[in-house]
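*Asks:* Please read through the structure below; I'll follow up with questions.
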Amino acid sequence: MRTDETDPRTAGNAPAAIGSLDNALDLLASAATRSPSAEDHDRVALAERVVRDAVAELQATQLALTEALIASQDRQLAVEALARINVRGAAGDDTLSLLLDRALSITNSRQVLFFEGREVALVRGDHGDLGAHVSLVRAALEDAPDDAVRAVASDTAVIGVLDPDGATEQHIAFFRSADRPFSTIDVPLIEAIVSAIGIMLAFRELHRHEFERAAVEREHQLASVLAQSVISTEPPPSADVDLYARTVPAALTGGDLYVFGRSTGAIWFAVGDVAGKGLPAAMLMTRAVAACRIAFLTRPDDSVVDVFQRIEDELFDHLDDVGVFITLTVGVIREDTGEVSLVNAGHSPVVFSGTEVEAVKASVPPVGVIRGRVPRVWTTVLGVDDTLVIGSDGLAEQTDPDGEQFGYDRFTELCRSARGRSSTDFGRIVFGAVDGFARGAAPSDDATLMVIRRGRTLA
């Protein structure tokens with residue numbers, strides 16, 4: 001890149017007797033104290049010319065410095081104006097064009113090109129030699145793609161990288177005519193302009209990502225609310241069965257579910273937990289809820305095994321495709337007798353609290369793991385003080401601030417206190433005990449609880 005240097009005028013043509021400005025001044029001072037002789041006249045005239053030339057040089061230098069200072073101040077003001085351009089909104093090509101117009105003016109360029117990838121996105125200034133300039137920039141980027149700022153084509157072009165960490169390569173190229181090449185004094189200015197525009201474009205890209213993220217989050221929230229609304233139903237009313245159900249997602253929504261269905265003289269129920277969290281688990285949860293409701297409606301007089309297999313047939317292929325499973329407990333209670341029959345497919349905790357407290361073990365793997373296994377049915381008849389408690393692992397695995405889990409043993413022992421309490425009272429006790437144990441620690445998983453008792457009038 002050409003280096004700008006000022007070649008000062010000298011008194012090189014003066015005779016050796018004059019030599020320098022100092023000698024010329026001494027001669028003039030000496031002549032001023034006496035009348036010069038005829039032979040000194042030429043030397044005095046030459047000394048006077050040397051002094052005049054030196055003064056003229058000083059004046060020229062002062063003028064050049066003044067002009068350079070004014071130009072520097074103008075450029076500084078232009079850069080500050082460039083930095084004040086607002087790109088905080090959804091700035092588009094109009095704002096970018098304004099930035100490039102300012103850059104064109106500040107650098108005294110004839111053309112500025114903005115590249116995205118290796119394609120020209122915007123052209124400012126004249127359009128002369130556009131094809132040749134584009135080819136020149138592409139070739140330069142192929143040779144040295146990582147150079148922040150580089151001069152090419154005998155210093156008539158300077159190429160800078162905008163936001164090197166951005167998702168898309170972006171470059172800006174400045175062009176001047178051959179008789180006005182860029183020099184070393186232009187480099188700091190161009191680097192500052194490239195940096196300022198790069199920061200602005202990075203901010204604009206960040207704003208765009210934030211806007212898109214907010215839109216996705218809004219859609220996520222809407223989908224989550226819709227998904228959660230699938231299970232936000234009250235248990236069916238019954239004069240003979242006392243029911244309670246509640247689910248608390250760890251996030252906005254989750255993969256836990258509970259479902260009720262009604263047939264003549266019986267109430268069907270299911271509690272499940274989709275592997276995973278968040279919206280994906282919630283979407284699978286809604287599918288599982290639909291499968292349970294369809295099975296409860298279309299097979300109300302079938303055995304609990306038949307209903308479970310109908311649910312499994314509806315869900316298995318989809319779960320197998322996505323590589324996810326659902327732990328699920330499906331059962332039915334006869335309102336007149338209190339007889340309960342249930343199938344446990346890999347779900348816990350399921351606890352029967354009667355004279356003794358008993359954990360109801362799984363008899364088949366979760367839905368989506370192995371198809372067609374015939375489950376073993378657990379049956380009992382609920383007495384007046386007997387309670388069937390079906391939770392999800394988010395309750396037993398809730399941790400305190402020290403990382404200790406509430407635990408399945410503690411949950412099973414808590415179920416002993418169900419005797420003599422309504423399902424609603426006991427449900428509140430369980431959630432209160434888990435919340436108290438957590439002492440403000442964030443939930444690690446969704447928490448769901450279903451409580452089934454015989455009758456509504458309890459001691």
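So you can find residues: chains in the structure tokens are A, B, ... in the order shown, residues in each start at 1, and ligands are numbered from 1 in order.
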At a cut-off of 6 Å, using only C-alpha atoms, what residues contact range 440-455 of chain A? Leave out same-chain residues fewer than 5 positions from it and give the result as a list in words.

*Replies:*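 Selected residues are Asp240, Val241, Asp242, Leu243, Tyr244, Ala245, Arg246, Thr247, Val248, Pro249, Ala250, Val384, Thr387, Leu388, Val389, Ile390, Gly391, Ser392, Gly394, Leu395, Asp400, Pro401 and Ser423 of chain A.
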
*Asks:* So which residues touch range 167-181 of chain A within 8 Å, counting only C-alpha atoms, skipping near sequence neighbours fewer than 2 positions away, as an MDAnalysis selection string?

*Replies:* chainID A and resid 2 104 108:118 137 154:165 183 194

*Asks:* Write a file of the selected residues as a short mmCIF file (atom, residue, chain, number, x, y, z; two decimals), in the first residue's frame, keeping C-alpha atoms.

*Replies:*
data_model
loop_
_atom_site.label_atom_id
_atom_site.label_comp_id
_atom_site.auth_asym_id
_atom_site.auth_seq_id
_atom_site.Cartn_x
_atom_site.Cartn_y
_atom_site.Cartn_z
CA ARG A 2 1.40 3.43 -0.93
CA LEU A 104 -18.72 5.80 0.65
CA ASN A 108 -13.87 9.20 -0.64
CA SER A 109 -14.54 5.99 -2.54
CA ARG A 110 -16.20 5.81 -5.95
CA GLN A 111 -17.94 2.50 -5.17
CA VAL A 112 -18.75 0.37 -2.15
CA LEU A 113 -19.93 -3.26 -2.45
CA PHE A 114 -21.59 -5.31 0.29
CA PHE A 115 -21.19 -9.09 -0.03
CA GLU A 116 -23.17 -11.86 1.67
CA GLY A 117 -21.37 -15.11 1.09
CA ARG A 118 -19.70 -14.48 -2.25
CA VAL A 137 -13.19 -9.41 -4.62
CA SER A 154 -2.50 -1.77 -6.73
CA ASP A 155 -4.20 -0.30 -3.68
CA THR A 156 -7.31 0.78 -5.61
CA ALA A 157 -9.49 -1.60 -3.58
CA VAL A 158 -9.72 -2.42 0.11
CA ILE A 159 -11.75 -5.40 1.40
CA GLY A 160 -12.88 -5.83 5.00
CA VAL A 161 -14.62 -8.64 6.91
CA LEU A 162 -17.88 -7.79 8.69
CA ASP A 163 -18.75 -9.80 11.86
CA PRO A 164 -16.37 -12.76 11.28
CA ASP A 165 -18.27 -14.83 13.87
CA SER A 183 -2.74 4.85 1.33
CA VAL A 194 -15.67 -1.90 8.95
#

*Asks:* Using only C-alpha atoms, find the one residue out of A:Ala239, A:Phe316, A:Val332, A:His209 that sits nearest to Ser263 in chain A.

*Replies:* A:Val332

*Asks:* Could you find all residues in range 205-437 of chain A that DSSP calls helix (DSSP H, G or I) from the backbone, and write them as a ChimeraX atom specification?

*Replies:* /A:205-229,278-298,304-322,393-396,408-418,423-437

*Asks:* Which residues come within 9 Å of Asp301 in chain A, counting only C-alpha atoms, excluding same-chain residues fewer than 3 positions away, as a list in words?

*Replies:*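 Once the nearby chain positions are removed, what remains is Ser263, Thr264, Phe296 and Thr298 of chain A.
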
*Asks:* Selected residues, all heavy atoms, written as a tab-separated table (two decimals), in the first residue's frame, please.

*Replies:*
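Written file, out14.tsv:
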chain	number	residue	atom	x	y	z
A	263	SER	N	-68.18	-45.53	32.43
A	263	SER	CA	-69.09	-46.52	31.83
A	263	SER	C	-70.15	-46.85	32.86
A	263	SER	O	-70.11	-46.36	33.99
A	263	SER	CB	-68.32	-47.78	31.43
A	263	SER	OG	-67.77	-48.42	32.57
A	264	THR	N	-71.09	-47.69	32.49
A	264	THR	CA	-72.19	-48.01	33.40
A	264	THR	C	-71.66	-48.67	34.66
A	264	THR	O	-71.11	-49.78	34.62
A	264	THR	CB	-73.21	-48.93	32.72
A	264	THR	OG1	-73.65	-48.32	31.50
A	264	THR	CG2	-74.39	-49.19	33.64
A	296	PHE	N	-61.38	-46.07	26.52
A	296	PHE	CA	-62.39	-46.07	27.58
A	296	PHE	C	-63.80	-45.95	27.01
A	296	PHE	O	-64.76	-46.54	27.54
A	296	PHE	CB	-62.14	-44.91	28.55
A	296	PHE	CG	-60.87	-45.03	29.35
A	296	PHE	CD1	-60.36	-43.93	30.03
A	296	PHE	CD2	-60.19	-46.24	29.45
A	296	PHE	CE1	-59.20	-44.02	30.78
A	296	PHE	CE2	-59.02	-46.33	30.20
A	296	PHE	CZ	-58.52	-45.23	30.85
A	298	THR	N	-64.80	-46.76	23.75
A	298	THR	CA	-65.20	-47.81	22.80
A	298	THR	C	-65.16	-49.21	23.40
A	298	THR	O	-65.78	-50.11	22.83
A	298	THR	CB	-64.28	-47.78	21.58
A	298	THR	OG1	-62.91	-47.95	21.99
A	298	THR	CG2	-64.42	-46.46	20.84

*Asks:* With a distance cut-off of 9 Å and only C-alpha atoms, select the neighbouring residues of Gln405 in chain A, excluding the residue or stretch itself and same-chain residues fewer than 5 positions from it, and output the selection as a list in words.

*Replies:*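 Answer for this query is Ala396, Glu397, Gln398, Thr399, Asp400, Phe437 and Ala438 of chain A.
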
*Asks:* How about saving the chosen residues, C-alpha atoms kept, as an mmCIF file, in the first residue's frame?

*Replies:*
data_model
loop_
_atom_site.group_PDB
_atom_site.id
_atom_site.type_symbol
_atom_site.label_atom_id
_atom_site.label_comp_id
_atom_site.auth_asym_id
_atom_site.auth_seq_id
_atom_site.Cartn_x
_atom_site.Cartn_y
_atom_site.Cartn_z
ATOM 1 C CA ALA A 396 -40.497 -39.419 44.719
ATOM 2 C CA GLU A 397 -37.441 -38.028 42.927
ATOM 3 C CA GLN A 398 -37.868 -34.406 44.007
ATOM 4 C CA THR A 399 -34.604 -33.211 45.569
ATOM 5 C CA ASP A 400 -33.869 -30.750 48.331
ATOM 6 C CA PHE A 437 -38.948 -31.265 51.576
ATOM 7 C CA ALA A 438 -37.773 -29.390 48.466
#

*Asks:* Report, in Å to a single decimal, how far apart CA of Gly276 in chain A and CA of Ala433 in chain A are.

*Replies:* 24.8 Å

*Asks:* Name the residues in contact with Asp320 in chain A at a cut-off of 8 Å, using only C-alpha atoms, excluding same-chain residues fewer than 4 positions from it; report them as JSON, numbers by chain.

*Replies:* {"A": [316, 324, 325, 368, 369]}

*Asks:* Would you save the residues from that selection as an mmCIF file, in the first residue's frame, using C-alpha atoms?

*Replies:*
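Output saved as part_3.cif:
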data_model
loop_
_atom_site.group_PDB
_atom_site.id
_atom_site.type_symbol
_atom_site.label_atom_id
_atom_site.label_comp_id
_atom_site.auth_asym_id
_atom_site.auth_seq_id
_atom_site.Cartn_x
_atom_site.Cartn_y
_atom_site.Cartn_z
ATOM 1 C CA PHE A 316 -46.713 -48.405 19.973
ATOM 2 C CA VAL A 324 -39.742 -42.838 23.291
ATOM 3 C CA PHE A 325 -41.742 -44.832 25.835
ATOM 4 C CA GLY A 368 -43.302 -48.508 23.428
ATOM 5 C CA VAL A 369 -40.605 -50.931 24.646
#

*Asks:* Which distance in Å separates CA of Gly331 in chain A and CA of Thr233 in chain A, to one decimal?

*Replies:*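 So the two atoms, CA of Gly331 in chain A and CA of Thr233 in chain A, lie 17.9 Å apart.
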